[in-house]
file start08.pdb (PDB, C-alpha atoms, pLDDT in the B column)
ATOM      1  CA  MET A  29      -3.218  17.293 -14.389  1.00 90.00           C
ATOM      2  CA  GLU A  30      -5.357  16.687 -11.311  1.00 95.00           C
ATOM      3  CA  PRO A  31      -4.782  14.414  -8.304  1.00 96.00           C
ATOM      4  CA  ALA A  32      -7.878  12.425  -9.358  1.00 95.00           C
ATOM      5  CA  GLU A  33      -6.018  11.493 -12.558  1.00 95.00           C
ATOM      6  CA  ILE A  34      -3.158  10.117 -10.436  1.00 96.00           C
ATOM      7  CA  ILE A  35      -5.616   8.127  -8.309  1.00 96.00           C
ATOM      8  CA  ASP A  36      -7.187   6.623 -11.457  1.00 96.00           C
ATOM      9  CA  PHE A  37      -3.724   5.982 -12.936  1.00 96.00           C
ATOM     10  CA  LEU A  38      -2.513   4.101  -9.839  1.00 96.00           C
ATOM     11  CA  ASP A  39      -5.672   2.001  -9.840  1.00 96.00           C
ATOM     12  CA  ASP A  40      -5.742   1.381 -13.619  1.00 95.00           C
ATOM     13  CA  GLU A  41      -2.081   0.308 -13.650  1.00 95.00           C
ATOM     14  CA  GLY A  42      -2.685  -2.124 -10.786  1.00 96.00           C
ATOM     15  CA  ILE A  43      -0.157  -0.330  -8.596  1.00 97.00           C
ATOM     16  CA  LEU A  44      -2.690   0.328  -5.810  1.00 97.00           C
ATOM     17  CA  GLU A  45      -6.372  -0.467  -5.484  1.00 95.00           C
ATOM     18  CA  LEU A  46      -7.804   2.952  -4.737  1.00 95.00           C
ATOM     19  CA  ASP A  47     -11.419   3.980  -4.450  1.00 90.00           C
ATOM     20  CA  VAL A  48     -12.598   6.898  -6.615  1.00 87.00           C
ATOM     21  CA  HIS A  49     -13.196   8.757  -3.337  1.00 94.00           C
ATOM     22  CA  PHE A  50      -9.573   8.399  -2.191  1.00 97.00           C
ATOM     23  CA  PRO A  51      -8.553  11.893  -1.012  1.00 97.00           C
ATOM     24  CA  ASP A  52      -6.008  14.008  -2.888  1.00 97.00           C
ATOM     25  CA  ASP A  53      -3.965  14.175   0.326  1.00 97.00           C
ATOM     26  CA  GLY A  54      -4.543  10.525   1.283  1.00 97.00           C
ATOM     27  CA  ASP A  55      -1.550   8.515   2.492  1.00 98.00           C
ATOM     28  CA  LEU A  56      -0.415   6.271  -0.368  1.00 98.00           C
ATOM     29  CA  PHE A  57       1.877   4.292   1.937  1.00 97.00           C
ATOM     30  CA  ALA A  58      -1.029   3.503   4.280  1.00 97.00           C
ATOM     31  CA  ALA A  59      -2.982   2.443   1.165  1.00 97.00           C
ATOM     32  CA  GLY A  60      -0.304  -0.135   0.376  1.00 97.00           C
ATOM     33  CA  LEU A  61       2.434   1.607  -1.569  1.00 97.00           C
ATOM     34  CA  ASP A  62       5.572  -0.436  -0.930  1.00 97.00           C
ATOM     35  CA  SER A  63       8.958  -0.870  -2.595  1.00 94.00           C
ATOM     36  CA  MET A  64       7.597  -3.249  -5.257  1.00 96.00           C
ATOM     37  CA  ALA A  65       4.752  -0.861  -6.061  1.00 97.00           C
ATOM     38  CA  VAL A  66       7.234   2.024  -6.316  1.00 96.00           C
ATOM     39  CA  MET A  67       9.199   0.098  -8.957  1.00 96.00           C
ATOM     40  CA  GLN A  68       5.974  -0.483 -10.925  1.00 97.00           C
ATOM     41  CA  LEU A  69       5.179   3.200 -10.510  1.00 96.00           C
ATOM     42  CA  VAL A  70       8.523   4.313 -11.965  1.00 96.00           C
ATOM     43  CA  VAL A  71       7.973   2.261 -15.128  1.00 97.00           C
ATOM     44  CA  ALA A  72       4.310   3.226 -15.482  1.00 97.00           C
ATOM     45  CA  VAL A  73       4.994   6.969 -15.056  1.00 97.00           C
ATOM     46  CA  GLU A  74       7.667   6.839 -17.738  1.00 96.00           C
ATOM     47  CA  GLU A  75       5.396   4.936 -20.133  1.00 97.00           C
ATOM     48  CA  LYS A  76       2.269   7.050 -19.582  1.00 96.00           C
ATOM     49  CA  TYR A  77       3.679  10.528 -18.988  1.00 96.00           C
ATOM     50  CA  GLY A  78       7.209  10.347 -20.390  1.00 96.00           C
ATOM     51  CA  ALA A  79       8.596  11.586 -17.069  1.00 96.00           C
ATOM     52  CA  ILE A  80      11.813   9.981 -15.868  1.00 96.00           C
ATOM     53  CA  LEU A  81      11.844   9.474 -12.095  1.00 97.00           C
ATOM     54  CA  GLU A  82      15.386   9.299 -10.750  1.00 96.00           C
ATOM     55  CA  PRO A  83      16.273   7.412  -7.560  1.00 96.00           C
ATOM     56  CA  ALA A  84      16.668  10.761  -5.759  1.00 97.00           C
ATOM     57  CA  ASP A  85      13.029  11.588  -6.649  1.00 97.00           C
ATOM     58  CA  LEU A  86      11.675   8.510  -4.906  1.00 97.00           C
ATOM     59  CA  THR A  87      11.405   9.984  -1.425  1.00 97.00           C
ATOM     60  CA  LYS A  88       8.642   9.311   1.049  1.00 96.00           C
ATOM     61  CA  GLU A  89       7.699  12.989   0.768  1.00 97.00           C
ATOM     62  CA  ASN A  90       7.377  12.949  -3.046  1.00 97.00           C
ATOM     63  CA  LEU A  91       5.344   9.735  -3.080  1.00 97.00           C
ATOM     64  CA  SER A  92       3.252  10.324   0.043  1.00 97.00           C
ATOM     65  CA  THR A  93      -0.016  11.486  -1.556  1.00 98.00           C
ATOM     66  CA  PRO A  94      -1.653  11.703  -4.985  1.00 98.00           C
ATOM     67  CA  GLN A  95      -1.157  15.496  -4.829  1.00 98.00           C
ATOM     68  CA  LYS A  96       2.587  15.190  -4.118  1.00 98.00           C
ATOM     69  CA  LEU A  97       3.044  12.537  -6.810  1.00 98.00           C
ATOM     70  CA  MET A  98       1.223  14.733  -9.330  1.00 97.00           C
ATOM     71  CA  GLU A  99       3.495  17.672  -8.433  1.00 98.00           C
ATOM     72  CA  LEU A 100       6.586  15.485  -8.897  1.00 98.00           C
ATOM     73  CA  ILE A 101       5.441  14.274 -12.323  1.00 97.00           C
ATOM     74  CA  GLU A 102       4.625  17.823 -13.422  1.00 97.00           C
ATOM     75  CA  LEU A 103       8.045  19.024 -12.217  1.00 97.00           C
ATOM     76  CA  LYS A 104       9.806  16.276 -14.184  1.00 97.00           C
ATOM     77  CA  LEU A 105       7.885  17.233 -17.339  1.00 96.00           C
ATOM     78  CA  LYS A 106       9.169  20.831 -17.281  1.00 90.00           C
TER      79      LYS A 106
END
call {"tool": "encode", "arguments": {"input": "start08.pdb", "output": "structure tokens"}}
result
Amino acid sequence: MEPAEIIDFLDDEGILELDVHFPDDGDLFAAGLDSMAVMQLVVAVEEKYGAILEPADLTKENLSTPQKLMELIELKLK
């Protein structure tokens, strides 16, 4: 999995409107990630990747960038 896949996923699912040039280490919170978007994200990640995100996983650190979100999803798939 690549951060670009996460950027496309967030955009395709309507969670965030991100440009294809959004950086891998770009701030998702500055791009509009809020509590409602996080709830959408939890459901969408489970449906697309089969990864279960627990409340303890939903930290600002884990959700801060496409790179960090990708790492979290990959960790949950192990």
call {"tool": "atom_distance", "arguments": {"input": "start08.pdb", "atom1": "CA of Leu56 (chain A)", "atom2": "CA of Thr93 (chain A)"}}
result
5.4 Å
call {"tool": "atom_distance", "arguments": {"input": "start08.pdb", "atom1": "CA of Asp52 (chain A)", "atom2": "CA of Lys96 (chain A)"}}
result
8.8 Å
call {"tool": "closest_residue", "arguments": {"input": "start08.pdb", "among": "A:Ala32, A:Val66, A:Val73, A:Leu105", "to": "Thr87 (chain A)", "atoms": "all atoms listed in the file"}}
result
A:Val66
call {"tool": "atom_distance", "arguments": {"input": "start08.pdb", "atom1": "CA of Met98 (chain A)", "atom2": "CA of Met29 (chain A)"}}
result
7.2 Å
call {"tool": "closest_residue", "arguments": {"input": "start08.pdb", "among": "A:Val48, A:Lys104, A:Glu99, A:Ile43", "to": "Met64 (chain A)", "atoms": "only C-alpha atoms"}}
result
A:Ile43
call {"tool": "closest_residue", "arguments": {"input": "start08.pdb", "among": "A:Glu30, A:Asp62, A:Glu82, A:Glu74", "to": "Leu44 (chain A)", "atoms": "all atoms listed in the file"}}
result
A:Asp62
call {"tool": "closest_residue", "arguments": {"input": "start08.pdb", "among": "A:Pro94, A:Pro31, A:Gly42, A:Gly78", "to": "Gly54 (chain A)", "atoms": "only C-alpha atoms"}}
result
A:Pro94
call {"tool": "closest_residue", "arguments": {"input": "start08.pdb", "among": "A:Asp39, A:Glu45, A:Asp55, A:Asp85", "to": "Ile101 (chain A)", "atoms": "all atoms listed in the file"}}
result
A:Asp85
call {"tool": "closest_residue", "arguments": {"input": "start08.pdb", "among": "A:Leu61, A:Glu89, A:Gln95, A:Lys106", "to": "Glu33 (chain A)", "atoms": "only C-alpha atoms"}}
result
A:Gln95
call {"tool": "decode", "arguments": {"input": "start08.pdb", "residues": "region 50-72 of chain A", "atoms": "N, CA and C atoms", "output": "PDB file, in the first residue's frame"}}
result
ATOM      1  N   PHE A  50      -1.695  16.064  -3.190  1.00  0.00           N
ATOM      2  CA  PHE A  50      -1.620  16.206  -1.736  1.00  0.00           C
ATOM      3  C   PHE A  50      -0.413  15.407  -1.245  1.00  0.00           C
ATOM      4  N   PRO A  51       0.437  15.991  -0.424  1.00  0.00           N
ATOM      5  CA  PRO A  51       1.664  15.290  -0.001  1.00  0.00           C
ATOM      6  C   PRO A  51       1.393  14.133   0.960  1.00  0.00           C
ATOM      7  N   ASP A  52       2.262  13.136   0.892  1.00  0.00           N
ATOM      8  CA  ASP A  52       2.169  11.959   1.764  1.00  0.00           C
ATOM      9  C   ASP A  52       2.198  12.354   3.242  1.00  0.00           C
ATOM     10  N   ASP A  53       2.901  13.453   3.544  1.00  0.00           N
ATOM     11  CA  ASP A  53       3.006  13.909   4.932  1.00  0.00           C
ATOM     12  C   ASP A  53       2.151  15.157   5.179  1.00  0.00           C
ATOM     13  N   GLY A  54       1.167  15.387   4.291  1.00  0.00           N
ATOM     14  CA  GLY A  54       0.278  16.533   4.442  1.00  0.00           C
ATOM     15  C   GLY A  54      -0.642  16.372   5.645  1.00  0.00           C
ATOM     16  N   ASP A  55      -1.003  17.468   6.251  1.00  0.00           N
ATOM     17  CA  ASP A  55      -1.827  17.486   7.463  1.00  0.00           C
ATOM     18  C   ASP A  55      -3.296  17.253   7.097  1.00  0.00           C
ATOM     19  N   LEU A  56      -3.804  16.075   7.442  1.00  0.00           N
ATOM     20  CA  LEU A  56      -5.199  15.747   7.135  1.00  0.00           C
ATOM     21  C   LEU A  56      -6.183  16.585   7.949  1.00  0.00           C
ATOM     22  N   PHE A  57      -5.796  16.989   9.146  1.00  0.00           N
ATOM     23  CA  PHE A  57      -6.679  17.825   9.960  1.00  0.00           C
ATOM     24  C   PHE A  57      -6.795  19.218   9.346  1.00  0.00           C
ATOM     25  N   ALA A  58      -5.694  19.764   8.852  1.00  0.00           N
ATOM     26  CA  ALA A  58      -5.735  21.064   8.178  1.00  0.00           C
ATOM     27  C   ALA A  58      -6.543  20.976   6.885  1.00  0.00           C
ATOM     28  N   ALA A  59      -6.588  19.781   6.283  1.00  0.00           N
ATOM     29  CA  ALA A  59      -7.350  19.571   5.048  1.00  0.00           C
ATOM     30  C   ALA A  59      -8.839  19.360   5.312  1.00  0.00           C
ATOM     31  N   GLY A  60      -9.215  19.305   6.594  1.00  0.00           N
ATOM     32  CA  GLY A  60     -10.635  19.213   6.926  1.00  0.00           C
ATOM     33  C   GLY A  60     -11.073  17.975   7.670  1.00  0.00           C
ATOM     34  N   LEU A  61     -10.153  17.118   8.044  1.00  0.00           N
ATOM     35  CA  LEU A  61     -10.538  15.931   8.804  1.00  0.00           C
ATOM     36  C   LEU A  61     -11.062  16.361  10.172  1.00  0.00           C
ATOM     37  N   ASP A  62     -12.313  16.037  10.446  1.00  0.00           N
ATOM     38  CA  ASP A  62     -12.925  16.377  11.724  1.00  0.00           C
ATOM     39  C   ASP A  62     -13.580  15.131  12.305  1.00  0.00           C
ATOM     40  N   SER A  63     -14.269  15.272  13.419  1.00  0.00           N
ATOM     41  CA  SER A  63     -14.822  14.099  14.099  1.00  0.00           C
ATOM     42  C   SER A  63     -15.830  13.352  13.235  1.00  0.00           C
ATOM     43  N   MET A  64     -16.627  14.059  12.448  1.00  0.00           N
ATOM     44  CA  MET A  64     -17.590  13.386  11.564  1.00  0.00           C
ATOM     45  C   MET A  64     -16.859  12.614  10.469  1.00  0.00           C
ATOM     46  N   ALA A  65     -15.819  13.216   9.914  1.00  0.00           N
ATOM     47  CA  ALA A  65     -15.035  12.554   8.877  1.00  0.00           C
ATOM     48  C   ALA A  65     -14.322  11.325   9.440  1.00  0.00           C
ATOM     49  N   VAL A  66     -13.883  11.398  10.688  1.00  0.00           N
ATOM     50  CA  VAL A  66     -13.215  10.248  11.311  1.00  0.00           C
ATOM     51  C   VAL A  66     -14.196   9.086  11.422  1.00  0.00           C
ATOM     52  N   MET A  67     -15.444   9.361  11.755  1.00  0.00           N
ATOM     53  CA  MET A  67     -16.438   8.283  11.856  1.00  0.00           C
ATOM     54  C   MET A  67     -16.674   7.642  10.484  1.00  0.00           C
ATOM     55  N   GLN A  68     -16.750   8.466   9.435  1.00  0.00           N
ATOM     56  CA  GLN A  68     -16.862   7.937   8.073  1.00  0.00           C
ATOM     57  C   GLN A  68     -15.638   7.087   7.738  1.00  0.00           C
ATOM     58  N   LEU A  69     -14.484   7.569   8.139  1.00  0.00           N
ATOM     59  CA  LEU A  69     -13.227   6.881   7.866  1.00  0.00           C
ATOM     60  C   LEU A  69     -13.206   5.493   8.493  1.00  0.00           C
ATOM     61  N   VAL A  70     -13.649   5.379   9.731  1.00  0.00           N
ATOM     62  CA  VAL A  70     -13.660   4.096  10.433  1.00  0.00           C
ATOM     63  C   VAL A  70     -14.484   3.067   9.640  1.00  0.00           C
ATOM     64  N   VAL A  71     -15.662   3.463   9.219  1.00  0.00           N
ATOM     65  CA  VAL A  71     -16.539   2.559   8.467  1.00  0.00           C
ATOM     66  C   VAL A  71     -15.925   2.218   7.116  1.00  0.00           C
ATOM     67  N   ALA A  72     -15.414   3.215   6.413  1.00  0.00           N
ATOM     68  CA  ALA A  72     -14.864   3.003   5.080  1.00  0.00           C
ATOM     69  C   ALA A  72     -13.620   2.114   5.106  1.00  0.00           C
TER      70      ALA A  72
END
